[in-house]
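Colleague: Sharing a structure, written as structure tokens. Questions coming.
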Amino acid sequence: AGIAFWLVLMARAIFPALLAPNGQDKNLLALLTSSVVCIGLFYGSGLFYGERTHISVMEYWRWWVVHLWVEGFFEVFATTALAFIFSTLGLVSYRMATAASLASASLFMLGGVPGTFHHLYFSGTTTPVMAVGASFSALEVVPLVVLGHEAWEHWSLQHKTEWMKRLRWPLMCFVAVAFWNMLGAGVFGFLIKP
């Protein structure tokens, strides 16, 4: 029920914008829509076990939800959502926002599953395989960091418009998301994982 509610809630806001004939490129909105749908559907894999399911099967599906969501879907969703917000506010160009979102989705499609290999330490996985997984995992934050840097560069124009002064703290929060993602998952993650 929660997954259906999430999808319906997002569909009510997104589909009218997708169907509007305004002639604007809708690639970024389509990426946001697909990442929202994937998050909702991906939690469904956590429903593949029940009360009498063996613990190894439950742990397998829990691992899919926790690690693959964090390793892949979250990065795509966070990058696309912030790209959409930043491009709507004029902090980054629509082209830059779409490129960052496509890069994030491409990194996930290319390295989402290999990016989880660094979690396989206790199953006896070899060091080279874990290093490949750690490298893919650490690279997943790059598009969001580039997007945050671009928004920070445009932030210097804040004194030229009145609306940017009113939105100072929400915008600083979004830029901080990109910064802490870069520091935590990027820098510290890359130092620890390989």
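Ordering of the structure tokens sets the chain letters (A, B, ...), residue numbers begin anew at 1 in every chain, and ligands are numbered from 1 in the order given.
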Counting only C-alpha atoms, what is within 8 Å of Ser135 of chain A, bar same-chain residues fewer than 2 positions away, as a list in words?
Modeller: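 Selected residues are Gly115, Ala131, Val132, Gly133, Ser137, Ala138, Leu139, Phe190, Lys193 and Pro194 of chain A.
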Colleague: Export, as an mmCIF file, in the first residue's frame, the selected residues with N, CA, C and O atoms.
Modeller:
```cif
data_model
loop_
_atom_site.group_PDB
_atom_site.id
_atom_site.type_symbol
_atom_site.label_atom_id
_atom_site.label_comp_id
_atom_site.auth_asym_id
_atom_site.auth_seq_id
_atom_site.Cartn_x
_atom_site.Cartn_y
_atom_site.Cartn_z
ATOM 1 N N GLY A 115 29.177 -2.128 -7.884
ATOM 2 C CA GLY A 115 29.443 -1.214 -6.779
ATOM 3 C C GLY A 115 29.118 -1.784 -5.421
ATOM 4 O O GLY A 115 29.540 -1.257 -4.398
ATOM 5 N N ALA A 131 37.942 -4.446 -4.623
ATOM 6 C CA ALA A 131 38.499 -3.158 -5.041
ATOM 7 C C ALA A 131 37.730 -2.588 -6.222
ATOM 8 O O ALA A 131 37.467 -1.378 -6.274
ATOM 9 N N VAL A 132 37.342 -3.429 -7.156
ATOM 10 C CA VAL A 132 36.523 -2.970 -8.287
ATOM 11 C C VAL A 132 35.185 -2.440 -7.762
ATOM 12 O O VAL A 132 34.719 -1.369 -8.163
ATOM 13 N N GLY A 133 34.575 -3.184 -6.853
ATOM 14 C CA GLY A 133 33.307 -2.742 -6.273
ATOM 15 C C GLY A 133 33.444 -1.436 -5.520
ATOM 16 O O GLY A 133 32.591 -0.555 -5.620
ATOM 17 N N SER A 137 31.597 2.079 -6.431
ATOM 18 C CA SER A 137 30.785 2.685 -5.378
ATOM 19 C C SER A 137 31.202 4.124 -5.110
ATOM 20 O O SER A 137 30.365 5.001 -4.926
ATOM 21 N N ALA A 138 32.496 4.370 -5.075
ATOM 22 C CA ALA A 138 32.988 5.722 -4.808
ATOM 23 C C ALA A 138 32.718 6.664 -5.984
ATOM 24 O O ALA A 138 32.535 7.866 -5.784
ATOM 25 N N LEU A 139 32.665 6.150 -7.202
ATOM 26 C CA LEU A 139 32.429 6.999 -8.371
ATOM 27 C C LEU A 139 30.977 7.456 -8.501
ATOM 28 O O LEU A 139 30.694 8.408 -9.219
ATOM 29 N N PHE A 190 35.937 6.469 -0.501
ATOM 30 C CA PHE A 190 37.038 6.017 -1.351
ATOM 31 C C PHE A 190 38.290 5.715 -0.530
ATOM 32 O O PHE A 190 39.071 4.851 -0.895
ATOM 33 N N LYS A 193 37.045 2.115 1.445
ATOM 34 C CA LYS A 193 36.646 0.920 0.685
ATOM 35 C C LYS A 193 37.806 0.238 -0.057
ATOM 36 O O LYS A 193 37.990 -0.953 0.100
ATOM 37 N N PRO A 194 38.557 0.951 -0.891
ATOM 38 C CA PRO A 194 39.617 0.214 -1.609
ATOM 39 C C PRO A 194 40.693 -0.270 -0.663
ATOM 40 O O PRO A 194 41.284 -1.290 -0.833
#
```
Colleague: Pick out the residues sitting within 12 Å of Leu18 of chain A, and hand them over as an MDAnalysis selection string; count only C-alpha atoms, and ignore anything fewer than 3 positions along from it in its own chain.
Modeller: chainID A and resid 11:15 21:34
Colleague: Can I get the selected residues back with C-alpha atoms, as a PDB file, in the first residue's frame?
Modeller:
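Result file follows (out.pdb):
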```
ATOM      1  CA  ALA A  11       2.288  10.662 -10.584  1.00  0.00           C
ATOM      2  CA  ARG A  12      -0.259  13.370  -9.707  1.00  0.00           C
ATOM      3  CA  ALA A  13       2.503  15.980  -9.781  1.00  0.00           C
ATOM      4  CA  ILE A  14       4.735  14.673 -12.565  1.00  0.00           C
ATOM      5  CA  PHE A  15       2.432  13.395 -15.327  1.00  0.00           C
ATOM      6  CA  PRO A  21       2.693  20.830 -24.696  1.00  0.00           C
ATOM      7  CA  ASN A  22       5.140  23.618 -23.805  1.00  0.00           C
ATOM      8  CA  GLY A  23       7.818  22.551 -26.294  1.00  0.00           C
ATOM      9  CA  GLN A  24      10.482  22.285 -23.586  1.00  0.00           C
ATOM     10  CA  ASP A  25      12.901  19.355 -23.507  1.00  0.00           C
ATOM     11  CA  LYS A  26      11.511  16.853 -21.018  1.00  0.00           C
ATOM     12  CA  ASN A  27      14.539  14.576 -20.601  1.00  0.00           C
ATOM     13  CA  LEU A  28      15.260  15.725 -17.058  1.00  0.00           C
ATOM     14  CA  LEU A  29      11.628  15.329 -16.035  1.00  0.00           C
ATOM     15  CA  ALA A  30      11.542  11.840 -17.581  1.00  0.00           C
ATOM     16  CA  LEU A  31      14.670  10.882 -15.596  1.00  0.00           C
ATOM     17  CA  LEU A  32      13.107  12.192 -12.402  1.00  0.00           C
ATOM     18  CA  THR A  33       9.924  10.256 -13.135  1.00  0.00           C
ATOM     19  CA  SER A  34      11.771   7.008 -13.805  1.00  0.00           C
TER      20      SER A  34
END
```
Colleague: Using DSSP on the backbone coordinates, identify all residues within chain A classified as alpha helix (DSSP H); present the result as an MDAnalysis selection string.
Modeller: chainID A and resid 2:19 27:42 55:63 74:89 94:111 127:139 142:155 162:166 168:181 189:192
Colleague: Give me, as a PyMOL selection string, all polymer residues having an atom no more than 12 Å from Ala4 of chain A, counting only C-alpha atoms and skipping those fewer than 4 positions away in the same chain.
Modeller: chain A and resi 8-11+36-37+39-44
Colleague: Smallest atom-to-atom distance to Leu120 of chain A: which of A:Tyr49, A:Ala20, A:His67, A:Leu183, using only C-alpha atoms?
Modeller: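 Nearest candidate to Leu120 of chain A out of A:Tyr49, A:Ala20, A:His67, A:Leu183: A:His67.
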Colleague: If you count only C-alpha atoms, which residues fall within 10 Å of Leu147 of chain A, apart from same-chain ones fewer than 5 positions away, as a PyMOL selection string?
Modeller: chain A and resi 79-80+82-83+86+91-92+96-97+99-101+142+152-153+175+178
Colleague: Atoms to include: N, CA and C atoms. Write the selected residues as a compact mmCIF listing (two decimals), in the first residue's frame.
Modeller:
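Here's the written file again_10.txt:
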```
# COMPACT_ATOMS: atom_id res chain seq x y z
N THR A 79 20.55 13.03 -7.38
CA THR A 79 21.13 13.86 -8.44
C THR A 79 20.04 14.44 -9.33
N THR A 80 19.09 13.62 -9.73
CA THR A 80 18.04 14.09 -10.63
C THR A 80 17.12 15.09 -9.93
N LEU A 82 17.85 17.09 -7.34
CA LEU A 82 18.57 18.36 -7.16
C LEU A 82 18.82 19.04 -8.50
N ALA A 83 19.08 18.27 -9.55
CA ALA A 83 19.25 18.86 -10.88
C ALA A 83 17.97 19.56 -11.32
N PHE A 86 17.66 22.76 -9.14
CA PHE A 86 18.66 23.75 -9.52
C PHE A 86 18.36 24.35 -10.89
N LEU A 91 19.95 27.99 -11.25
CA LEU A 91 21.31 27.89 -10.72
C LEU A 91 22.23 27.11 -11.65
N VAL A 92 21.70 26.19 -12.40
CA VAL A 92 22.47 25.47 -13.41
C VAL A 92 21.65 25.46 -14.69
N MET A 96 23.16 21.22 -18.37
CA MET A 96 24.07 20.71 -17.34
C MET A 96 23.33 19.77 -16.39
N ALA A 97 22.11 20.15 -16.01
CA ALA A 97 21.31 19.32 -15.11
C ALA A 97 21.00 17.97 -15.75
N ALA A 99 22.71 16.52 -18.18
CA ALA A 99 23.96 15.76 -18.33
C ALA A 99 24.38 15.11 -17.02
N ALA A 100 24.25 15.83 -15.90
CA ALA A 100 24.61 15.26 -14.60
C ALA A 100 23.68 14.10 -14.25
N SER A 101 22.41 14.24 -14.55
CA SER A 101 21.45 13.17 -14.25
C SER A 101 21.70 11.94 -15.12
N VAL A 142 30.09 11.26 -8.02
CA VAL A 142 30.71 12.29 -8.85
C VAL A 142 29.68 13.21 -9.53
N TRP A 152 27.04 26.03 -6.76
CA TRP A 152 27.81 26.92 -5.89
C TRP A 152 28.45 28.05 -6.69
N GLU A 153 28.92 27.74 -7.89
CA GLU A 153 29.50 28.77 -8.75
C GLU A 153 28.45 29.82 -9.13
N VAL A 175 23.02 22.63 -1.62
CA VAL A 175 24.45 22.63 -1.91
C VAL A 175 25.19 21.82 -0.84
N ALA A 178 25.07 18.10 -1.57
CA ALA A 178 26.09 17.70 -2.54
C ALA A 178 27.47 17.65 -1.88
```
Colleague: Taking 4 positions as the minimum chain separation for residues in the same chain, which residues sit within 10 Å of segment 56-63 of chain A when counting only C-alpha atoms? Answer as a list of chain:residue names.
Modeller: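 What passes the distance filter is A:Tyr43, A:Gly44, A:Ser45, A:Gly46, A:Leu47, A:Phe48, A:Tyr49, A:Gly50, A:Glu51, A:Arg52, A:His67, A:Leu68, A:Trp69, A:Thr116, A:His119.
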Colleague: Using only C-alpha atoms for the distances, tell me which of A:Thr126, A:Glu75, A:Met172, A:Val66 is nearest to His149 of chain A.
Modeller: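 For His149 of chain A, the nearest of the candidates is A:Met172.
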